[in-house]
Amino acid sequence: MAQTQTARPMDGTALARRIIETSAATAAELRLRTGKAPCLATVLVGDDPASVTYVRMKRRRCESAGIVSRHVALPATSTTQDVVDAVTALSNDPDVHGILLQHPVGPHIDERAAFEAIDPAKDVDGVTMHSFAAMSFGLPGFVSCTPGGIMRLLDEYEVDLAGKHAVVVGRSAILGKPAGMLLLGRDATVTYCHSRTADLPSIVQQADVLLAAVGKPRFIAGADIKPGAVVLDAGYNDGNVGDVDFEAAAERARLITPVPGGVGPMTIAVLLEQTVAAATLQLGAAA
Ligand code: NAP
């Protein structure tokens, strides 16, 4: 009988908890020193139930870490200009240190214009063109939270990326594309795959590091995982299922993120950490 390897799970819940604890301690220290707590403003357009839940979750986590949360709820009928105006007001408000515009914002709104109204110094969700460029050039700035969380997981498990073939399946602006840039910045050889990629399995089979960021349940077959690979599953689908067929993939991978409890918790942790960092920079400069 063929010998099967069982991958070590990458525990995002534990790492995220540690990052949030450190952020909370830094936030408390900042408050003591400056008299001001870090403040994250969330902007929600409309009342999409999943978005409402995400924003509520992010606000709660902020508050439990000593980060003040301010919420701006805009009606679904808002125009691009309405959203840009609301975000610009937050960019200009010295009491707000970070801004998170929950997406999707609705098909009638120019999402890029709305994101670009975020002052890069407050772009703690890493969604502006400025942040993407800084990420791509390896310059200081805020990273997209999920890709940033993925890199933290790789570091936590001491994954050496230099010269490794990293395959990123998915190229969204918030996830696949910036994740590939961060991997490239760490000297991985990066291949991006997307819906027009020909013969995806043959590329996945070459991955030393595989990032699945597609949004399709069990889309990546376990049999396509290269033995000994590191598998990061950012997918989150109905029924707590990732984009990778976890059980089969775990028999071949060396390290793998479970769903839930892998990549998922890292996103909020990086958001909180970057909010505290933004506040530290802004309050430090003002002191
Ligand atoms: P998205 O914007 O819908 O992008 C999906 C990507 O998958 C696109 O680039 C698309 O290619 C590609 N794709 C679709 N079908 C494919 C196929 N048959 N073969 C290869 N590629 C294909 O989704 P997203 O926002 O990046 O999210 C992806 C997943 O991550 C979702 O499950 C989402 O829930 C999850 N997610 C998790 C977190 C977290 O905090 N853990 C954060 C964000 C997202 P095209 O570009 O060619 O259309």
# chains A, B, ... in the order shown; residues from 1 in each chain; ligands from 1

call {"tool": "select_by_dssp", "arguments": {"residues": "range 20-226 of chain A", "states": "strand (DSSP E or B)", "output": "JSON, numbers by chain"}}
result
{"A": [39, 40, 41, 42, 43, 44, 45, 68, 69, 70, 71, 72, 73, 74, 98, 99, 100, 101, 165, 166, 167, 168, 169, 189, 190, 191, 192, 193, 209, 210, 211, 212, 220]}

call {"tool": "write_last_selection", "arguments": {"atoms": "N, CA and C atoms", "output": "mmCIF file, in the first residue's frame"}}
result
data_model
loop_
_atom_site.group_PDB
_atom_site.id
_atom_site.type_symbol
_atom_site.label_atom_id
_atom_site.label_comp_id
_atom_site.auth_asym_id
_atom_site.auth_seq_id
_atom_site.Cartn_x
_atom_site.Cartn_y
_atom_site.Cartn_z
ATOM 1 N N CYS A 39 -8.218 54.526 15.962
ATOM 2 C CA CYS A 39 -9.624 54.486 15.520
ATOM 3 C C CYS A 39 -9.708 53.975 14.085
ATOM 4 N N LEU A 40 -10.518 52.949 13.913
ATOM 5 C CA LEU A 40 -10.784 52.406 12.570
ATOM 6 C C LEU A 40 -12.206 52.789 12.167
ATOM 7 N N ALA A 41 -12.343 53.443 11.025
ATOM 8 C CA ALA A 41 -13.672 53.751 10.498
ATOM 9 C C ALA A 41 -14.047 52.690 9.468
ATOM 10 N N THR A 42 -15.251 52.154 9.609
ATOM 11 C CA THR A 42 -15.749 51.206 8.612
ATOM 12 C C THR A 42 -16.857 51.903 7.818
ATOM 13 N N VAL A 43 -16.872 51.618 6.524
ATOM 14 C CA VAL A 43 -17.905 52.195 5.661
ATOM 15 C C VAL A 43 -18.617 51.039 4.974
ATOM 16 N N LEU A 44 -19.916 51.018 5.117
ATOM 17 C CA LEU A 44 -20.713 49.959 4.501
ATOM 18 C C LEU A 44 -21.778 50.601 3.617
ATOM 19 N N VAL A 45 -21.845 50.147 2.373
ATOM 20 C CA VAL A 45 -22.861 50.664 1.457
ATOM 21 C C VAL A 45 -23.928 49.583 1.302
ATOM 22 N N VAL A 68 -10.854 52.045 18.793
ATOM 23 C CA VAL A 68 -12.175 52.670 18.668
ATOM 24 C C VAL A 68 -12.703 52.384 17.266
ATOM 25 N N SER A 69 -13.992 52.059 17.208
ATOM 26 C CA SER A 69 -14.585 51.751 15.916
ATOM 27 C C SER A 69 -15.652 52.797 15.591
ATOM 28 N N ARG A 70 -15.518 53.384 14.431
ATOM 29 C CA ARG A 70 -16.537 54.336 13.988
ATOM 30 C C ARG A 70 -17.178 53.759 12.732
ATOM 31 N N HIS A 71 -18.508 53.834 12.665
ATOM 32 C CA HIS A 71 -19.163 53.200 11.521
ATOM 33 C C HIS A 71 -19.965 54.215 10.709
ATOM 34 N N VAL A 72 -19.818 54.130 9.415
ATOM 35 C CA VAL A 72 -20.601 54.966 8.507
ATOM 36 C C VAL A 72 -21.427 54.031 7.636
ATOM 37 N N ALA A 73 -22.748 54.091 7.784
ATOM 38 C CA ALA A 73 -23.647 53.244 6.987
ATOM 39 C C ALA A 73 -24.274 54.106 5.903
ATOM 40 N N LEU A 74 -24.057 53.732 4.661
ATOM 41 C CA LEU A 74 -24.620 54.482 3.540
ATOM 42 C C LEU A 74 -25.706 53.647 2.871
ATOM 43 N N GLY A 98 -7.542 54.735 10.534
ATOM 44 C CA GLY A 98 -7.633 53.710 9.495
ATOM 45 C C GLY A 98 -9.029 53.698 8.901
ATOM 46 N N ILE A 99 -9.123 53.344 7.625
ATOM 47 C CA ILE A 99 -10.431 53.313 6.942
ATOM 48 C C ILE A 99 -10.596 51.973 6.243
ATOM 49 N N LEU A 100 -11.748 51.374 6.460
ATOM 50 C CA LEU A 100 -12.058 50.131 5.759
ATOM 51 C C LEU A 100 -13.377 50.327 5.017
ATOM 52 N N LEU A 101 -13.302 50.288 3.694
ATOM 53 C CA LEU A 101 -14.522 50.350 2.878
ATOM 54 C C LEU A 101 -14.882 48.912 2.528
ATOM 55 N N HIS A 165 8.683 27.467 -6.506
ATOM 56 C CA HIS A 165 7.641 27.786 -7.476
ATOM 57 C C HIS A 165 6.326 27.982 -6.718
ATOM 58 N N ALA A 166 5.872 29.243 -6.672
ATOM 59 C CA ALA A 166 4.605 29.549 -6.006
ATOM 60 C C ALA A 166 3.530 29.712 -7.076
ATOM 61 N N VAL A 167 2.476 28.939 -6.968
ATOM 62 C CA VAL A 167 1.370 29.032 -7.922
ATOM 63 C C VAL A 167 0.176 29.667 -7.206
ATOM 64 N N VAL A 168 -0.294 30.773 -7.761
ATOM 65 C CA VAL A 168 -1.430 31.496 -7.174
ATOM 66 C C VAL A 168 -2.622 31.289 -8.100
ATOM 67 N N VAL A 169 -3.650 30.631 -7.596
ATOM 68 C CA VAL A 169 -4.837 30.408 -8.416
ATOM 69 C C VAL A 169 -5.870 31.452 -8.003
ATOM 70 N N THR A 189 9.357 32.047 -7.424
ATOM 71 C CA THR A 189 9.048 32.135 -8.850
ATOM 72 C C THR A 189 7.538 31.962 -8.954
ATOM 73 N N VAL A 190 6.856 33.022 -9.373
ATOM 74 C CA VAL A 190 5.396 33.053 -9.217
ATOM 75 C C VAL A 190 4.680 32.813 -10.540
ATOM 76 N N THR A 191 3.699 31.933 -10.514
ATOM 77 C CA THR A 191 2.801 31.751 -11.653
ATOM 78 C C THR A 191 1.390 32.101 -11.202
ATOM 79 N N TYR A 192 0.753 32.991 -11.936
ATOM 80 C CA TYR A 192 -0.652 33.315 -11.667
ATOM 81 C C TYR A 192 -1.548 32.471 -12.565
ATOM 82 N N CYS A 193 -2.597 31.912 -11.992
ATOM 83 C CA CYS A 193 -3.604 31.200 -12.778
ATOM 84 C C CYS A 193 -4.960 31.877 -12.568
ATOM 85 N N VAL A 209 4.667 25.891 -3.507
ATOM 86 C CA VAL A 209 3.744 26.633 -2.633
ATOM 87 C C VAL A 209 2.508 26.919 -3.465
ATOM 88 N N LEU A 210 1.362 26.504 -2.973
ATOM 89 C CA LEU A 210 0.123 26.716 -3.727
ATOM 90 C C LEU A 210 -0.807 27.608 -2.930
ATOM 91 N N LEU A 211 -1.282 28.675 -3.563
ATOM 92 C CA LEU A 211 -2.309 29.506 -2.933
ATOM 93 C C LEU A 211 -3.586 29.375 -3.752
ATOM 94 N N ALA A 212 -4.622 28.879 -3.106
ATOM 95 C CA ALA A 212 -5.917 28.757 -3.763
ATOM 96 C C ALA A 212 -6.780 29.931 -3.331
ATOM 97 N N ILE A 220 -9.526 22.575 -6.066
ATOM 98 C CA ILE A 220 -8.193 21.993 -6.299
ATOM 99 C C ILE A 220 -8.199 20.552 -5.785
#

call {"tool": "residues_around", "arguments": {"residues": "Val263 in chain A", "least_positions_apart": "3", "cutoff": "9 Å", "atoms": "only C-alpha atoms", "output": "list in words"}}
result
Met10, Asp11, Gly12, Thr13, Thr146, Pro147, Gly149, Ile150, Leu153, Leu232, Asp233, Ala234, Gly235, Thr257, Pro258, Val259, Pro260, Met266 and Thr267 of chain A

call {"tool": "write_last_selection", "arguments": {"atoms": "C-alpha atoms", "output": "PDB file, in the first residue's frame"}}
result
ATOM      1  CA  MET A  10      -0.982  25.785   9.796  1.00  0.00           C
ATOM      2  CA  ASP A  11      -2.846  27.225  12.749  1.00  0.00           C
ATOM      3  CA  GLY A  12      -4.102  30.667  11.750  1.00  0.00           C
ATOM      4  CA  THR A  13      -6.346  30.955  14.794  1.00  0.00           C
ATOM      5  CA  THR A 146      -5.441  38.520   3.504  1.00  0.00           C
ATOM      6  CA  PRO A 147      -2.196  38.317   1.469  1.00  0.00           C
ATOM      7  CA  GLY A 149      -1.832  37.297   6.696  1.00  0.00           C
ATOM      8  CA  ILE A 150      -0.760  34.537   4.328  1.00  0.00           C
ATOM      9  CA  LEU A 153       1.623  32.254   8.231  1.00  0.00           C
ATOM     10  CA  LEU A 232      -2.609  27.813   1.501  1.00  0.00           C
ATOM     11  CA  ASP A 233      -6.354  27.792   1.074  1.00  0.00           C
ATOM     12  CA  ALA A 234      -7.870  31.278   1.164  1.00  0.00           C
ATOM     13  CA  GLY A 235     -11.211  30.063  -0.142  1.00  0.00           C
ATOM     14  CA  THR A 257      -4.127  25.644   6.123  1.00  0.00           C
ATOM     15  CA  PRO A 258      -7.432  24.226   7.368  1.00  0.00           C
ATOM     16  CA  VAL A 259     -10.754  25.901   6.574  1.00  0.00           C
ATOM     17  CA  PRO A 260     -11.827  27.371   8.898  1.00  0.00           C
ATOM     18  CA  MET A 266      -5.327  36.179   9.754  1.00  0.00           C
ATOM     19  CA  THR A 267      -7.194  38.828   7.754  1.00  0.00           C
TER      20      THR A 267
END

call {"tool": "select_by_dssp", "arguments": {"residues": "range 23-117 of chain A", "states": "helix (DSSP H, G or I)", "output": "PyMOL selection string"}}
result
chain A and resi 23-34+49-64+80-91+111-116

call {"tool": "residues_around", "arguments": {"residues": "Ala24 in chain A", "least_positions_apart": "2", "cutoff": "9 Å", "atoms": "only C-alpha atoms", "output": "PyMOL selection string"}}
result
chain A and resi 19-22+26-29+62+64-67+272-273+276

call {"tool": "atom_distance", "arguments": {"atom1": "CA of Ala188 in chain A", "atom2": "CA of Leu154 in chain A"}}
result
12.3 Å

call {"tool": "closest_residue", "arguments": {"among": "A:Val230, A:Leu139, A:Ala113, A:Ala279", "to": "Arg252 in chain A", "atoms": "only C-alpha atoms"}}
result
A:Val230

call {"tool": "residues_around", "arguments": {"residues": "range 198-203 of chain A", "least_positions_apart": "3", "cutoff": "7 Å", "atoms": "only C-alpha atoms", "output": "ChimeraX atom specification"}}
result
/A:206-207,224

call {"tool": "decode", "arguments": {"residues": "range 93-232 of chain A", "atoms": "C-alpha atoms", "output": "tab-separated table (two decimals), in the first residue's frame"}}
result
chain	number	residue	atom	x	y	z
A	93	ASP	CA	-10.59	63.55	9.96
A	94	PRO	CA	-7.57	63.55	12.30
A	95	ASP	CA	-9.41	61.36	14.82
A	96	VAL	CA	-9.67	58.51	12.29
A	97	HIS	CA	-6.47	56.54	11.73
A	98	GLY	CA	-7.63	53.71	9.50
A	99	ILE	CA	-10.43	53.31	6.94
A	100	LEU	CA	-12.06	50.13	5.76
A	101	LEU	CA	-14.52	50.35	2.88
A	102	GLN	CA	-16.37	47.04	2.85
A	103	HIS	CA	-16.68	45.60	-0.60
A	104	PRO	CA	-18.53	44.83	-2.78
A	105	VAL	CA	-20.00	48.32	-2.79
A	106	GLY	CA	-22.66	47.63	-5.42
A	107	PRO	CA	-22.47	47.36	-9.19
A	108	HIS	CA	-23.55	50.98	-9.84
A	109	ILE	CA	-20.63	52.39	-7.83
A	110	ASP	CA	-17.13	52.92	-9.22
A	111	GLU	CA	-15.32	50.86	-6.60
A	112	ARG	CA	-11.86	52.02	-7.68
A	113	ALA	CA	-12.85	55.69	-7.31
A	114	ALA	CA	-14.24	54.94	-3.84
A	115	PHE	CA	-11.07	53.10	-2.76
A	116	GLU	CA	-8.84	55.85	-4.10
A	117	ALA	CA	-10.56	58.36	-1.79
A	118	ILE	CA	-8.81	56.60	1.10
A	119	ASP	CA	-5.71	58.49	2.25
A	120	PRO	CA	-2.83	55.98	1.74
A	121	ALA	CA	-1.69	56.75	5.30
A	122	LYS	CA	-5.06	55.37	6.49
A	123	ASP	CA	-5.32	52.50	3.98
A	124	VAL	CA	-5.07	49.79	6.62
A	125	ASP	CA	-6.96	47.34	4.37
A	126	GLY	CA	-4.35	47.82	1.64
A	127	VAL	CA	-6.78	48.48	-1.21
A	128	THR	CA	-5.48	51.64	-2.86
A	129	MET	CA	-3.25	51.79	-5.92
A	130	HIS	CA	-0.61	53.42	-3.72
A	131	SER	CA	-0.62	50.43	-1.37
A	132	PHE	CA	-0.50	47.97	-4.26
A	133	ALA	CA	2.46	49.78	-5.79
A	134	ALA	CA	4.30	49.92	-2.47
A	135	MET	CA	3.65	46.18	-1.98
A	136	SER	CA	4.88	45.42	-5.49
A	137	PHE	CA	8.02	47.56	-5.12
A	138	GLY	CA	8.74	46.15	-1.66
A	139	LEU	CA	8.48	49.62	-0.14
A	140	PRO	CA	6.96	50.50	3.24
A	141	GLY	CA	3.18	50.71	3.21
A	142	PHE	CA	0.11	48.77	4.15
A	143	VAL	CA	-0.45	45.35	2.61
A	144	SER	CA	-3.74	43.79	1.56
A	145	CYS	CA	-4.85	42.06	4.73
A	146	THR	CA	-5.44	38.52	3.50
A	147	PRO	CA	-2.20	38.32	1.47
A	148	GLY	CA	-0.36	39.93	4.39
A	149	GLY	CA	-1.83	37.30	6.70
A	150	ILE	CA	-0.76	34.54	4.33
A	151	MET	CA	2.83	35.80	4.39
A	152	ARG	CA	2.76	35.88	8.19
A	153	LEU	CA	1.62	32.25	8.23
A	154	LEU	CA	4.45	31.28	5.87
A	155	ASP	CA	6.94	33.04	8.14
A	156	GLU	CA	5.49	31.47	11.27
A	157	TYR	CA	6.07	28.03	9.77
A	158	GLU	CA	9.51	29.05	8.48
A	159	VAL	CA	8.71	28.36	4.85
A	160	ASP	CA	11.70	29.36	2.73
A	161	LEU	CA	10.30	30.91	-0.43
A	162	ALA	CA	13.46	31.78	-2.35
A	163	GLY	CA	13.59	29.88	-5.62
A	164	LYS	CA	10.38	27.99	-4.88
A	165	HIS	CA	7.64	27.79	-7.48
A	166	ALA	CA	4.61	29.55	-6.01
A	167	VAL	CA	1.37	29.03	-7.92
A	168	VAL	CA	-1.43	31.50	-7.17
A	169	VAL	CA	-4.84	30.41	-8.42
A	170	GLY	CA	-6.97	33.56	-8.59
A	171	ARG	CA	-6.00	37.13	-9.50
A	172	SER	CA	-8.45	39.38	-7.67
A	173	ALA	CA	-7.26	42.83	-6.67
A	174	ILE	CA	-7.63	42.12	-2.95
A	175	LEU	CA	-6.24	38.61	-2.84
A	176	GLY	CA	-4.54	36.75	-5.68
A	177	LYS	CA	-2.74	39.64	-7.37
A	178	PRO	CA	-1.20	41.23	-4.24
A	179	ALA	CA	-0.38	37.79	-2.78
A	180	GLY	CA	1.61	36.99	-5.90
A	181	MET	CA	3.49	40.28	-5.58
A	182	LEU	CA	4.39	39.57	-1.97
A	183	LEU	CA	5.58	36.07	-2.89
A	184	LEU	CA	7.65	37.53	-5.75
A	185	GLY	CA	9.14	40.03	-3.31
A	186	ARG	CA	10.40	37.07	-1.31
A	187	ASP	CA	12.13	35.57	-4.35
A	188	ALA	CA	9.59	32.90	-5.17
A	189	THR	CA	9.05	32.13	-8.85
A	190	VAL	CA	5.40	33.05	-9.22
A	191	THR	CA	2.80	31.75	-11.65
A	192	TYR	CA	-0.65	33.32	-11.67
A	193	CYS	CA	-3.60	31.20	-12.78
A	194	HIS	CA	-7.14	32.39	-13.49
A	195	SER	CA	-10.32	31.40	-15.27
A	196	ARG	CA	-8.63	31.53	-18.69
A	197	THR	CA	-5.62	29.44	-17.70
A	198	ALA	CA	-5.15	26.38	-19.91
A	199	ASP	CA	-4.53	23.03	-18.22
A	200	LEU	CA	-4.62	24.32	-14.66
A	201	PRO	CA	-3.91	20.90	-13.07
A	202	SER	CA	-0.54	20.62	-14.83
A	203	ILE	CA	0.51	23.97	-13.32
A	204	VAL	CA	-0.85	23.19	-9.86
A	205	GLN	CA	1.14	19.94	-9.93
A	206	GLN	CA	4.37	21.99	-10.16
A	207	ALA	CA	3.65	24.14	-7.11
A	208	ASP	CA	6.04	24.04	-4.18
A	209	VAL	CA	3.74	26.63	-2.63
A	210	LEU	CA	0.12	26.72	-3.73
A	211	LEU	CA	-2.31	29.51	-2.93
A	212	ALA	CA	-5.92	28.76	-3.76
A	213	ALA	CA	-7.96	31.97	-4.01
A	214	VAL	CA	-10.81	31.06	-6.31
A	215	GLY	CA	-14.04	30.84	-4.33
A	216	LYS	CA	-15.08	27.38	-5.57
A	217	PRO	CA	-15.55	24.54	-3.10
A	218	ARG	CA	-12.89	21.79	-3.29
A	219	PHE	CA	-11.81	23.15	-6.68
A	220	ILE	CA	-8.19	21.99	-6.30
A	221	ALA	CA	-7.99	18.20	-6.33
A	222	GLY	CA	-5.81	16.50	-3.74
A	223	ALA	CA	-4.22	14.37	-6.44
A	224	ASP	CA	-2.79	17.54	-8.07
A	225	ILE	CA	-0.83	18.57	-4.97
A	226	LYS	CA	2.91	18.09	-5.37
A	227	PRO	CA	4.19	15.82	-2.60
A	228	GLY	CA	5.71	17.97	0.15
A	229	ALA	CA	4.03	21.18	-1.03
A	230	VAL	CA	2.86	24.00	1.20
A	231	VAL	CA	-0.84	24.59	0.57
A	232	LEU	CA	-2.61	27.81	1.50
